[in-house]
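Q: One structure is given below, represented as structure tokens, and several questions about it will come after.
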Amino acid sequence: MNTNSTPRLLFGDLEVGGRLPPLSHRVTATTVVLGALASRDWRPMHHDKDFAIERNGTRDIFINTPNNAAWFERYITDWTGPFGRLGRLSFQMKTPVFPGDEMRFDGTITALATDGEGCGWVDLELDISVDGQTRTVGTARVAVPADAADNPWKRRGARWQP
Amino acid sequence: MSAADDLPDAVRKMIGVPMYEARSEFPIEIGYVYNTCAAVGNGNPLYWDDETAQAVAGGRIAPPTMLSVWFRPHYWAPGASGERKAMQAHFDLKALLALPEAVVASNEASFGEPVRIGDVLTTCQIVRSIGPLKQTRLGTGRFWTVDVRSTNQHGDWVGTESYTFLGYRRPGQ
């Protein structure tokens, strides 16, 4: 049996205040440009340093919004495994992330709830920092299996209430 | 829905009205899923391994946070002139309010039915709120929020993204 087909994280194993393992990543210009082009974001401040400096007043090109979302998703599902299903994601990029920065991701469980359909919801507080200074803050709501037989991805219609 | 008191009529009329209904320019495809996962080092087997995708999600799907990816226009297309922009409602507001610069202040999304490879999505943009003119660190500007609601070819809701922008004029601009 494919080991990916068995949930690795179950709702009952979690506690409020629990922390996700941190993740660190050194950002390069390639990181920024790959993320921008993968998200079909052709705006020049994500690939043209002169434009970013002159028009945005920033010191360099910087990570774009949809790519920041993709980074958060990767961070969350690294932890949940493939059975984790994202219901909501919200974030504010307070200060841009530039080439040369080492991003550090942190996450904390702020609430645990089971809805009327038996779906196990985990609320997370998220943070991206560089050298201890917060750059982006966010929150997420992710469904994880209530038990070994549950699979959030199979929930449809009224059984999925993000 | 909310609006500041000092808005031009043309702007006020935009609030709460679904605009710019559009279909994704190509069916959802695995290449962009790989590009996105590779850009952030996302090794989730749901997006790389057929067997896992079948067992867990009933087939290949795209990461939920890719929702906006499918609606950004090609940079160039035959017959197109000028820069082609996603979020036209946002660019309309920049022009109508004479605020030439803008940044995304915050971004919220909720995700519905999974987006599957081969799906064709439809989206619309709804201006939800526009705030009063204020002084910010970047210049004089306003915050506004635009919802982008998406459905698949079966009419199922696949997600809504809400972007709050700060549109502004730099000092002296």
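For the structure tokens, the naming scheme is as follows: chains receive sequential letters (A, B, ...) according to their order of presentation, residues are indexed from 1 within each chain, and ligands are indexed from 1 in presentation order.
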Check every residue of chain A for an atom within 8 Å of chain B, counting only C-alpha atoms, and provide those that qualify as a PyMOL selection string.
A: chain A and resi 2+4-5+31+34-35+38-42+65-67+69-71+73-74+77-78+81-83+86-94+151+153-154+156-157+160+162
Q: Compile the contact shell of Asp101 in chain A as a list in words: residues with an atom at most 10 Å away, counting only C-alpha atoms, same-chain residues fewer than 4 positions apart removed.
A: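 Residues meeting the cut-off are His25, Arg26, Val27, Thr28, Pro96, Val97, Ser129, Val130 and Asp131 of chain A.
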Q: Using only C-alpha atoms, determine which residues lie at most 9 Å from Leu7 in chain B, disregarding the query and same-chain residues fewer than 6 positions distant; provide the list as a list of chain:residue names.
A: B:Leu97, B:Ile130, B:Pro132
Q: Could you write those residues out with N, CA, C and O atoms, as a short mmCIF file (atom, residue, chain, number, x, y, z; two decimals), in the first residue's frame?
A:
```cif
data_model
loop_
_atom_site.label_atom_id
_atom_site.label_comp_id
_atom_site.auth_asym_id
_atom_site.auth_seq_id
_atom_site.Cartn_x
_atom_site.Cartn_y
_atom_site.Cartn_z
N LEU B 97 -10.05 56.88 -9.72
CA LEU B 97 -9.73 57.63 -8.50
C LEU B 97 -8.40 58.39 -8.62
O LEU B 97 -7.97 59.02 -7.66
N ILE B 130 -14.77 50.55 -0.50
CA ILE B 130 -13.76 51.56 -0.82
C ILE B 130 -13.73 52.55 0.34
O ILE B 130 -14.76 53.09 0.73
N PRO B 132 -12.10 55.92 2.74
CA PRO B 132 -11.85 57.35 2.53
C PRO B 132 -10.39 57.62 2.19
O PRO B 132 -9.51 56.81 2.46
#
```
Q: Report as a PyMOL selection string: the residues of chain A with a DSSP assignment of alpha helix (DSSP H), based on the backbone of this structure.
A: chain A and resi 29-38+49-51+65-80
Q: Rounded to one decimal place, report the CA of Pro7 in chain A-CA of Pro145 in chain A distance in Å.
A: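 Separation between CA of Pro7 in chain A and CA of Pro145 in chain A: 7.1 Å.
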Q: For CA of Gly57 in chain A and CA of Ala4 in chain B, quote the distance in Å rounded to one decimal.
A: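 Straight-line distance from CA of Gly57 in chain A to CA of Ala4 in chain B works out to 28.1 Å.
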Q: Taking 5 positions as the minimum chain separation for residues in the same chain, which residues sit within 8 Å of Met1 in chain B when counting only C-alpha atoms? Answer as a ChimeraX atom specification.
A: /B:15-16,128-129
Q: When DSSP works through the backbone of this structure, what residues of chain B end up as strand (DSSP E), shown as a PyMOL selection string?
A: chain B and resi 2-3+19-23+101-111+122-130+134-135+140-151+157-169
Q: May I have the residues from that selection written out with C-alpha atoms, as a PDB file, in the first residue's frame?
A:
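Saved as out21.pdb:
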```pdb
ATOM      1  CA  SER B   2     -19.258  49.884   2.186  1.00  0.00           C
ATOM      2  CA  ALA B   3     -18.297  53.128   0.470  1.00  0.00           C
ATOM      3  CA  MET B  19     -18.148  42.556 -13.132  1.00  0.00           C
ATOM      4  CA  TYR B  20     -15.804  41.104 -15.707  1.00  0.00           C
ATOM      5  CA  GLU B  21     -17.161  37.545 -15.775  1.00  0.00           C
ATOM      6  CA  ALA B  22     -14.469  35.569 -17.539  1.00  0.00           C
ATOM      7  CA  ARG B  23     -13.424  32.004 -18.248  1.00  0.00           C
ATOM      8  CA  GLU B 101       0.326  53.421  -7.665  1.00  0.00           C
ATOM      9  CA  ALA B 102      -1.005  50.431  -5.749  1.00  0.00           C
ATOM     10  CA  VAL B 103       0.126  47.630  -3.474  1.00  0.00           C
ATOM     11  CA  VAL B 104      -1.715  44.609  -2.088  1.00  0.00           C
ATOM     12  CA  ALA B 105      -2.345  45.297   1.602  1.00  0.00           C
ATOM     13  CA  SER B 106      -3.938  41.956   2.467  1.00  0.00           C
ATOM     14  CA  ASN B 107      -5.225  38.848   0.826  1.00  0.00           C
ATOM     15  CA  GLU B 108      -7.914  36.408   2.055  1.00  0.00           C
ATOM     16  CA  ALA B 109      -9.134  33.272   0.366  1.00  0.00           C
ATOM     17  CA  SER B 110     -11.597  30.488   1.032  1.00  0.00           C
ATOM     18  CA  PHE B 111     -11.492  27.285  -0.957  1.00  0.00           C
ATOM     19  CA  THR B 122     -15.374  31.025 -14.521  1.00  0.00           C
ATOM     20  CA  THR B 123     -14.730  34.057 -12.378  1.00  0.00           C
ATOM     21  CA  CYS B 124     -16.268  37.419 -11.593  1.00  0.00           C
ATOM     22  CA  GLN B 125     -14.948  40.460  -9.733  1.00  0.00           C
ATOM     23  CA  ILE B 126     -16.990  42.315  -7.115  1.00  0.00           C
ATOM     24  CA  VAL B 127     -15.797  45.584  -5.551  1.00  0.00           C
ATOM     25  CA  ARG B 128     -16.807  45.114  -1.930  1.00  0.00           C
ATOM     26  CA  SER B 129     -15.668  48.312  -0.231  1.00  0.00           C
ATOM     27  CA  ILE B 130     -13.763  51.562  -0.822  1.00  0.00           C
ATOM     28  CA  LYS B 134      -6.064  59.142   3.920  1.00  0.00           C
ATOM     29  CA  GLN B 135      -2.390  59.811   4.457  1.00  0.00           C
ATOM     30  CA  THR B 140      -2.141  59.869  -0.096  1.00  0.00           C
ATOM     31  CA  GLY B 141      -4.476  57.022  -0.954  1.00  0.00           C
ATOM     32  CA  ARG B 142      -7.420  54.760  -0.265  1.00  0.00           C
ATOM     33  CA  PHE B 143      -7.905  51.126   0.677  1.00  0.00           C
ATOM     34  CA  TRP B 144     -10.338  49.060  -1.388  1.00  0.00           C
ATOM     35  CA  THR B 145     -11.356  45.402  -1.413  1.00  0.00           C
ATOM     36  CA  VAL B 146     -12.203  43.338  -4.487  1.00  0.00           C
ATOM     37  CA  ASP B 147     -13.666  39.795  -4.265  1.00  0.00           C
ATOM     38  CA  VAL B 148     -12.910  37.312  -7.005  1.00  0.00           C
ATOM     39  CA  ARG B 149     -15.407  34.429  -6.948  1.00  0.00           C
ATOM     40  CA  SER B 150     -14.774  31.303  -8.993  1.00  0.00           C
ATOM     41  CA  THR B 151     -16.839  28.319 -10.113  1.00  0.00           C
ATOM     42  CA  TRP B 157     -18.028  27.009  -6.119  1.00  0.00           C
ATOM     43  CA  VAL B 158     -14.263  26.452  -6.084  1.00  0.00           C
ATOM     44  CA  GLY B 159     -13.203  29.485  -4.081  1.00  0.00           C
ATOM     45  CA  THR B 160     -13.250  33.204  -3.413  1.00  0.00           C
ATOM     46  CA  GLU B 161     -10.258  35.467  -3.056  1.00  0.00           C
ATOM     47  CA  SER B 162     -10.525  38.920  -1.507  1.00  0.00           C
ATOM     48  CA  TYR B 163      -7.752  41.387  -2.172  1.00  0.00           C
ATOM     49  CA  THR B 164      -7.423  44.605  -0.211  1.00  0.00           C
ATOM     50  CA  PHE B 165      -5.327  47.161  -2.072  1.00  0.00           C
ATOM     51  CA  LEU B 166      -3.869  50.482  -1.127  1.00  0.00           C
ATOM     52  CA  GLY B 167      -4.075  52.773  -4.167  1.00  0.00           C
ATOM     53  CA  TYR B 168      -1.995  55.908  -3.682  1.00  0.00           C
ATOM     54  CA  ARG B 169      -0.179  58.915  -5.117  1.00  0.00           C
TER      55      ARG B 169
END
```
Q: Could you work out how far CA of Asp147 in chain A lies from CA of Thr114 in chain A, giving the answer in Å with one decimal?
A: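 Separation of CA of Thr114 in chain A and CA of Asp147 in chain A: 11.8 Å.
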Q: For a quick check of understanding, using only C-alpha atoms, which of A:Leu10, A:Ala36, A:Leu112, A:Cys119 has the smallest distance to Arg159 in chain A?
A: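 That would be A:Cys119, the residue with the smallest distance to Arg159 in chain A.
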Q: A:Ile61, A:Leu37, A:Leu20, A:Met103: which is nearest Val122 in chain A, counting only C-alpha atoms?
A: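 Using only C-alpha atoms, the shortest distance to Val122 in chain A belongs to A:Leu20.
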Q: Here is a test: counting only C-alpha atoms, which residue of A:Met45, A:Ile76, A:Ala158, A:Leu14 is nearest to Ala140 in chain A?
A: A:Ile76
Q: Would you list the contacts of Leu124 in chain A as a list in words, taking every protein, DNA or RNA residue within 9 Å and counting only C-alpha atoms, but skipping same-chain residues closer than 2 positions in sequence?
A: Gly107, Thr108, Ile109, Thr110, Ala111, Val122, Leu126, Gly138, Thr139, Ala140, Arg141 and Val142 of chain A
